[in-house]
Number of protein chains: 2
Amino acid sequence: MPNTELHTLTIEELSRLLRNKSVSPVEVTELYLARIEALNEQTNAYITVMPDEALTDARRAEEEIMAGDYRGPLHGVPIALKDLYDTAGVRTTAASKIFANRVPDKDATSVMFLRAAGAVIIGKTNMHEFAYGVTNASSYFGPTHNPWDLSRVTGGSSGGSGAAVAAGLCTAATGSDTGGSIRMPSALCGIVGLKPTYGRVSCAGLIPLSWALDHAGPMTKSVFDAAVMLNAMAGWDPDDPATLAAPVLDFTLELRDGVEGLRIAVDPNYAFSEIDEEVEVAVKQALNVLRDLGAELVEVTAPQLAGAALTILNAEATAYHEEFLETRSDDYQPDVRERLEKGFSVSGIDYAHAQRKRQTISREFEALFEEIDLFATPACAVPAPRLDQTEVTVAGETVSVRKPIAQFTRLFNLTGLPAITVPCGFSGHGLPIGLQLAGPRLDEATVLRAAYAYEQATEWHQRRPVVWGS
Amino acid sequence: MPNTELHTLTIEELSRLLRNKSVSPVEVTELYLARIEALNEQTNAYITVMPDEALTDARRAEEEIMAGDYRGPLHGVPIALKDLYDTAGVRTTAASKIFANRVPDKDATSVMFLRAAGAVIIGKTNMHEFAYGVTNASSYFGPTHNPWDLSRVTGGSSGGSGAAVAAGLCTAATGSDTGGSIRMPSALCGIVGLKPTYGRVSCAGLIPLSWALDHAGPMTKSVFDAAVMLNAMAGWDPDDPATLAAPVLDFTLELRDGVEGLRIAVDPNYAFSEIDEEVEVAVKQALNVLRDLGAELVEVTAPQLAGAALTILNAEATAYHEEFLETRSDDYQPDVRERLEKGFSVSGIDYAHAQRKRQTISREFEALFEEIDLFATPACAVPAPRLDQTEVTVAGETVSVRKPIAQFTRLFNLTGLPAITVPCGFSGHGLPIGLQLAGPRLDEATVLRAAYAYEQATEWHQRRPVVWGS
């Protein structure tokens with residue numbers, strides 16, 4: 001295989017070549033750095049590229065592998081980090097002017113874990129400022145463009161990671177997800193995004209948006225890769241009081257077990273109301289594929305969300321930003337500042353009710369998952385809107401562009417349940433559509449297994465976006 | 001044994017007589033009803049006595065036991081419930097004018113559990129209105145008087161249960177604990193009070209004070225009795241989203257295993273600052289007893305609490321009462337209304353920080369309990385103040401009377417860790433002093449074991465208060 005196609009490879013594929021020494025970590029890192037140099041301008045996926053650090057790490061990985069000290073499937077694999085994952089000695093900006101020159105002295109815990117697994121960090125990806133955005137919110141470093149259509153959004157907030165993975169500018173990336181920020185850009189960019197169970201992956205060293213809702217997780221070219229990334233990232237951390245002491249098994253072990261007998265639930269009134277017709281068709285076809293693979297489709301009535309997640313998000317985001325809002329108000333992007341200022345009007349009483357709602361809805365989903373194995377929805381209700389759109393018309397209603405992007409994801413931030421998006425089709429305009437599958441607490445294995453079965457039975461992941469190069 | 005002494009018996013002692021049919025549930029229930037009739041006026045421990053219901057239940061228990069259908073150590077035992085535990089068909093007032101005529105149509109879950117274990121409910125005990133008080137807060141039904149000195153408070157909010165158990169007006173009682181409301185009155189009334197792990201006992205059917213901090217639990221004459229009551233009360237409940245699915249073992253099983261080798265930690269700067277001298281001496285002597293029994297005393301620095309518990313309490317209490325504060329403001333006792341109104345000024349940002357603090361301090365205690373088995377403090381920093389006292393002088397400082405009563409208990413509402421108080425001495429005025437022992441999450445067994453070892457090695461529990469009768 002000529003080196004010029006290494007960027008098409010998943011972790012699963014690349015790691016075989018690295019392990020048997022037919023490709024060097026240096027070679028693949030150099031290829032990605034060259035691609036970023038040539039192509040980043042189109043998508044603006046990266047805020048910071050780390051050529052020197054990456055090549056140093058790649059050389060060390062090469063030495064280790066040549067010496068027979070192979071660490072596993074991430075060894076020598078170039079990955080990107082959303083620019084709110086702290087990196088020792090490399091600026092970590094959260095895409096804000098306020099942190100434009102902020103250089104942490106310590107890696108985030110999950111970054112330490114990824115490095116320990118041998119991953120080569122090649123850069124920091126663009127995002128919505130402080131992760132506080134869904135679609136067309138701002139970055140101090142300018143917007144990210146969707147590799148499938150440069151006039152369109154990537155979705156957010158982890159849009160740079162979505163674009164970088166989709167455009168072949170890294171093998172895999174990390175994102176963070178407070179209301180859908182891993183799953184939305186993954187869906188709109190046609191890749192796999194996994195929000196693990198709340199507390200499964202440490203958020204220590206990530207710039208927070210909302211302590212109660214923040215999740216760290218992988219954004220990848222394939223479901224297998226998401227499992228490999230989660231293997232490295234997951235685990236208890238004394239520095240994050242929300243992390244769980246739950247055992248971390250190898251998430252690739254059950255991937256090939258199929259969906260025979262799995263009860264996959266759909267709430268038709270929830271999943272297929274207020275959504276784009278092409279999305280509806282694609283998701284229904286995807287469910288049929290799962291049924292044909294042996295899953296049992298069941299209809300349920302899903303617990304209702306109401307506004308609890310937004311209440312918590314608004315209060316917690318503003319709690320973190322309170323000081324900067326006083327001292328550096330002008331340095332925020334206007335739309336982000338406006339959202340942050342809303343948090344001041346959330347009362348303790350509102351928050352108390354929202355917490356209670358969070359507890360109640362989590363219990364309701366727990367009860368639901370006694371009856372079912374997975375809960376399916378579209379990832380987003382529409383394909384990627386244009387960058388200049390502020391409104392979108394869905395099912396005859398004109399709404400803020402944020403609404404249809406985020407309407408299915410936030411539920412699983414409030415409940416903390418694991419949820420994945422996997423590509424399940426394309427719109428007439430060639431824009432990706434994602435299927436969301438959520439599972440019981442700490443049962444990422446089943447979520448990954450079903451997504452894998454679906455992925456392997458379909459060919460959506462083999463399509464290439466506009467930005468791909470030769 | 002003449003029947004006139006049945007009221008001195010613990011559940012452990014009484015249940016032997018009931019089981020071997022040498023005493024009838026009807027006989028013991030009649031005795032308690034007669035004692036309440038004769039003595040309740042002195043302490044005002046009961047808001048509502050249930051003679052008809054109790055005698056009906058006692059007769060059924062008698063029939064069952066006579067028929068050989070013995071249910072266990074609570075069968076036929078007369079107990080009292082704090083008047084915020086819902087009782088089907090019997091008014092449940094929370095000691096408020098607002099609920100003075102409120103008659104639930106369903107028992108609280110823990111009441112159903114207690115009835116299923118065969119307990120005979122004889123009445124509903126006095127409390128601070130809506131449980132929102134520590135010392136001299138009000139009840140619509142008048143204050144409760146301490147059986148050891150009728151001019152003194154029982155502490156609260158479960159003061160009626162404390163007085164009823166201490167004065168021999170029931171065999172055992174239930175309380176609820178949001179900032180110490182089981183442990184404070186238990187300490188000041190010279191009985192045992194156990195606040196279990198958060199979520200161990202369902203709070204469904206209890207009038208809430210603060211969802212995040214409320215705990216239901218037993219108030220008893222002995223540590224063994226607390227274990228027996230917890231056995232009945234504990235367990236997962238679909239109606240309380242906070243309850244845990246943790247297995248409920250028999251909490252009496254390890255009681256006699258002693259304290260040999262247990263590491264009991266004290267933070268001297270925390271436990272012995274700003275406390276009454278007699279309390280300090282009594283608690284230090286108690287620790288020496290535990291050491292002499294084989295425990296290892298270790299000094300630690302405890303995580304700091306700050307005001308997080310109060311922030312959550314203020315916001316959640318007001319969240320529940322919001323509507324009544326608008327429509328029936330005048331029906332609250334003035335001091336309770338004043339406290340409830342404070343909740344309106346808690347911001348969502350304050351609450352968010354408090355939640356984060358809760359998460360962090362819980363993690364810090366989790367780490368501490370890797371090194372130790374139990375954490376010891378006084379239960380209250382002073383013995384019971386007089387009913388007319390609003391301030392108290394402790395260690396040379398004059399402070400609100402609430403402060404020294406609540407300063408050691410609230411920490412374990414915020415962390416949700418199990419904590420018990422056991423009598424450990426008396427002041428020069430003959431007022432009881434309590435030792436608090438807290439343990440790791442879900443490890444009530446170790447908390448009970450150490451309290452039991454201490455209790456069995458000392459004779460404090462054999463003293464009788466002023467209100468006791470012949």
# chains A, B, ... in the order shown; residues from 1 in each chain; ligands from 1
$ interface_residues --of "chain A" --to "chain B" --cutoff "6 Å" --atoms "only C-alpha atoms" --output "ChimeraX atom specification"
/A:241,315-316,319,346-349,351-352,359-360,363
$ residues_around --residues "segment 44-51 of chain A" --least-positions-apart "3" --cutoff "10 Å" --atoms "only C-alpha atoms" --output "JSON, numbers by chain"
{"A": [29, 30, 32, 33, 34, 36, 37, 39, 40, 41, 54, 55, 56, 57, 80, 81, 82, 83, 90, 91, 92, 93, 94, 95, 121, 122, 123, 124, 125, 126, 127, 139, 140, 141, 142, 143, 144, 145, 146, 147, 154, 158, 159, 160, 161, 162, 163, 164, 165, 167, 169]}
$ closest_residue --among "A:Ala232, A:Ala354, A:Ala227, A:Met184" --to "Gln436 of chain A" --atoms "only C-alpha atoms"
A:Met184
$ closest_residue --among "A:Ala173, A:Val28, A:Ile98, A:Leu253" --to "Arg328 of chain A" --atoms "only C-alpha atoms"
A:Ile98
$ select_by_dssp --residues "segment 96-177 of chain B" --states "alpha helix (DSSP H)" --output "list in words"
Thr109, Ser110, Val111, Met112, Phe113, Leu114, Arg115, Ala116, Gly159, Gly160, Ser161, Gly162, Ala163, Ala164, Val165 and Ala166 of chain B
$ write_last_selection --atoms "all heavy atoms" --output "CSV table (one decimal), in the first residue's frame"
chain,number,residue,atom,x,y,z
B,109,THR,N,-43.0,4.4,52.1
B,109,THR,CA,-42.4,3.0,51.8
B,109,THR,C,-41.8,2.4,53.0
B,109,THR,O,-42.0,1.2,53.3
B,109,THR,CB,-41.3,3.2,50.7
B,109,THR,OG1,-42.0,3.7,49.5
B,109,THR,CG2,-40.7,1.8,50.4
B,110,SER,N,-41.1,3.2,53.8
B,110,SER,CA,-40.4,2.6,55.0
B,110,SER,C,-41.4,2.2,56.0
B,110,SER,O,-41.2,1.3,56.8
B,110,SER,CB,-39.4,3.6,55.6
B,110,SER,OG,-40.0,4.8,55.9
B,111,VAL,N,-42.6,2.9,56.1
B,111,VAL,CA,-43.6,2.5,57.0
B,111,VAL,C,-44.2,1.2,56.6
B,111,VAL,O,-44.5,0.3,57.4
B,111,VAL,CB,-44.7,3.6,57.1
B,111,VAL,CG1,-45.9,3.1,58.0
B,111,VAL,CG2,-44.1,4.9,57.7
B,112,MET,N,-44.4,1.0,55.2
B,112,MET,CA,-44.9,-0.3,54.7
B,112,MET,C,-43.9,-1.4,55.1
B,112,MET,O,-44.3,-2.5,55.5
B,112,MET,CB,-45.0,-0.2,53.2
B,112,MET,CG,-46.2,0.6,52.7
B,112,MET,SD,-46.5,0.3,50.9
B,112,MET,CE,-45.9,1.8,50.3
B,113,PHE,N,-42.6,-1.1,55.0
B,113,PHE,CA,-41.6,-2.1,55.3
B,113,PHE,C,-41.7,-2.4,56.8
B,113,PHE,O,-41.6,-3.6,57.2
B,113,PHE,CB,-40.2,-1.6,55.0
B,113,PHE,CG,-39.9,-1.5,53.5
B,113,PHE,CD1,-38.7,-0.9,53.1
B,113,PHE,CD2,-40.7,-2.1,52.6
B,113,PHE,CE1,-38.4,-0.9,51.7
B,113,PHE,CE2,-40.4,-2.1,51.2
B,113,PHE,CZ,-39.2,-1.5,50.8
B,114,LEU,N,-41.8,-1.4,57.7
B,114,LEU,CA,-41.9,-1.7,59.1
B,114,LEU,C,-43.1,-2.5,59.5
B,114,LEU,O,-43.1,-3.4,60.3
B,114,LEU,CB,-41.9,-0.3,59.9
B,114,LEU,CG,-40.5,0.4,59.9
B,114,LEU,CD1,-40.6,1.8,60.3
B,114,LEU,CD2,-39.5,-0.4,60.9
B,115,ARG,N,-44.2,-2.1,58.8
B,115,ARG,CA,-45.5,-2.9,59.1
B,115,ARG,C,-45.3,-4.3,58.6
B,115,ARG,O,-45.8,-5.3,59.3
B,115,ARG,CB,-46.7,-2.3,58.4
B,115,ARG,CG,-47.2,-1.0,59.0
B,115,ARG,CD,-48.6,-0.7,58.4
B,115,ARG,NE,-48.9,0.7,58.5
B,115,ARG,CZ,-49.5,1.2,59.6
B,115,ARG,NH1,-49.7,0.5,60.7
B,115,ARG,NH2,-49.9,2.5,59.6
B,116,ALA,N,-44.6,-4.5,57.5
B,116,ALA,CA,-44.4,-5.9,57.0
B,116,ALA,C,-43.6,-6.7,57.9
B,116,ALA,O,-43.7,-7.9,58.0
B,116,ALA,CB,-43.8,-5.8,55.6
B,159,GLY,N,-37.2,15.8,67.3
B,159,GLY,CA,-37.2,15.9,68.8
B,159,GLY,C,-38.2,15.0,69.5
B,159,GLY,O,-38.0,14.5,70.5
B,160,GLY,N,-39.4,14.9,68.9
B,160,GLY,CA,-40.5,14.1,69.5
B,160,GLY,C,-40.1,12.6,69.5
B,160,GLY,O,-40.3,12.0,70.5
B,161,SER,N,-39.4,12.2,68.5
B,161,SER,CA,-39.0,10.8,68.5
B,161,SER,C,-37.9,10.6,69.5
B,161,SER,O,-37.9,9.6,70.2
B,161,SER,CB,-38.4,10.4,67.1
B,161,SER,OG,-39.5,10.2,66.2
B,162,GLY,N,-37.0,11.6,69.6
B,162,GLY,CA,-36.0,11.5,70.7
B,162,GLY,C,-36.6,11.4,72.1
B,162,GLY,O,-36.2,10.6,72.9
B,163,ALA,N,-37.5,12.3,72.3
B,163,ALA,CA,-38.2,12.3,73.7
B,163,ALA,C,-39.0,11.1,73.9
B,163,ALA,O,-38.9,10.5,75.0
B,163,ALA,CB,-39.1,13.6,73.8
B,164,ALA,N,-39.7,10.6,72.9
B,164,ALA,CA,-40.5,9.4,73.1
B,164,ALA,C,-39.7,8.2,73.4
B,164,ALA,O,-40.1,7.4,74.3
B,164,ALA,CB,-41.4,9.2,71.8
B,165,VAL,N,-38.6,8.0,72.7
B,165,VAL,CA,-37.7,6.8,73.0
B,165,VAL,C,-37.1,7.0,74.4
B,165,VAL,O,-37.1,6.1,75.2
B,165,VAL,CB,-36.7,6.7,71.9
B,165,VAL,CG1,-35.7,5.6,72.3
B,165,VAL,CG2,-37.3,6.3,70.5
B,166,ALA,N,-36.6,8.2,74.6
B,166,ALA,CA,-35.8,8.4,75.9
B,166,ALA,C,-36.8,8.3,77.1
B,166,ALA,O,-36.4,7.8,78.1
B,166,ALA,CB,-35.2,9.8,75.9
$ closest_residue --among "B:Gly396, B:Pro423, B:Gly430, B:Pro78" --to "Gly190 of chain B" --atoms "only C-alpha atoms"
B:Pro423
$ select_by_dssp --residues "segment 323-437 of chain B" --states "strand (DSSP E)" --output "ChimeraX atom specification"
/B:374-378,391-394,397-400,419-426,432-437
$ residues_around --residues "Leu387 of chain B" --least-positions-apart "3" --cutoff "8 Å" --atoms "only C-alpha atoms" --output "ChimeraX atom specification"
/B:136,145,151-153
$ residues_around --residues "segment 424-429 of chain A" --least-positions-apart "2" --cutoff "12 Å" --atoms "only C-alpha atoms" --output "count of residues only"
58
$ closest_residue --among "B:Asp225, B:Asp105, B:Asp388, B:Glu64" --to "Gly118 of chain B" --atoms "only C-alpha atoms"
B:Glu64
$ atom_distance --atom1 "atom CA of Ala108 of chain A" --atom2 "atom CA of Pro208 of chain A"
11.8 Å
$ atom_distance --atom1 "atom CA of Ala453 of chain A" --atom2 "atom CA of Leu374 of chain A"
13.4 Å
$ atom_distance --atom1 "atom CA of Ile79 of chain B" --atom2 "atom CA of Cys170 of chain B"
5.4 Å
$ residues_around --residues "Val248 of chain B" --least-positions-apart "6" --cutoff "8 Å" --atoms "only C-alpha atoms" --output "mmCIF file with N, CA and C atoms, in the first residue's frame"
data_model
loop_
_atom_site.group_PDB
_atom_site.id
_atom_site.type_symbol
_atom_site.label_atom_id
_atom_site.label_comp_id
_atom_site.auth_asym_id
_atom_site.auth_seq_id
_atom_site.Cartn_x
_atom_site.Cartn_y
_atom_site.Cartn_z
ATOM 1 N N ASN B 231 -32.594 -2.955 59.300
ATOM 2 C CA ASN B 231 -32.922 -4.163 58.522
ATOM 3 C C ASN B 231 -34.287 -4.044 57.864
ATOM 4 N N ALA B 234 -34.454 -0.531 55.260
ATOM 5 C CA ALA B 234 -33.554 -0.357 54.117
ATOM 6 C C ALA B 234 -34.067 -1.044 52.868
ATOM 7 N N GLY B 235 -33.621 -0.564 51.726
ATOM 8 C CA GLY B 235 -33.891 -1.256 50.475
ATOM 9 C C GLY B 235 -34.311 -0.351 49.339
#
$ residues_around --residues "Asp443 of chain B" --least-positions-apart "6" --cutoff "10 Å" --atoms "only C-alpha atoms" --output "list in words"
Pro196, Thr197, Phe251, Asp373, Leu374, Leu417, Pro418 and Ala419 of chain B
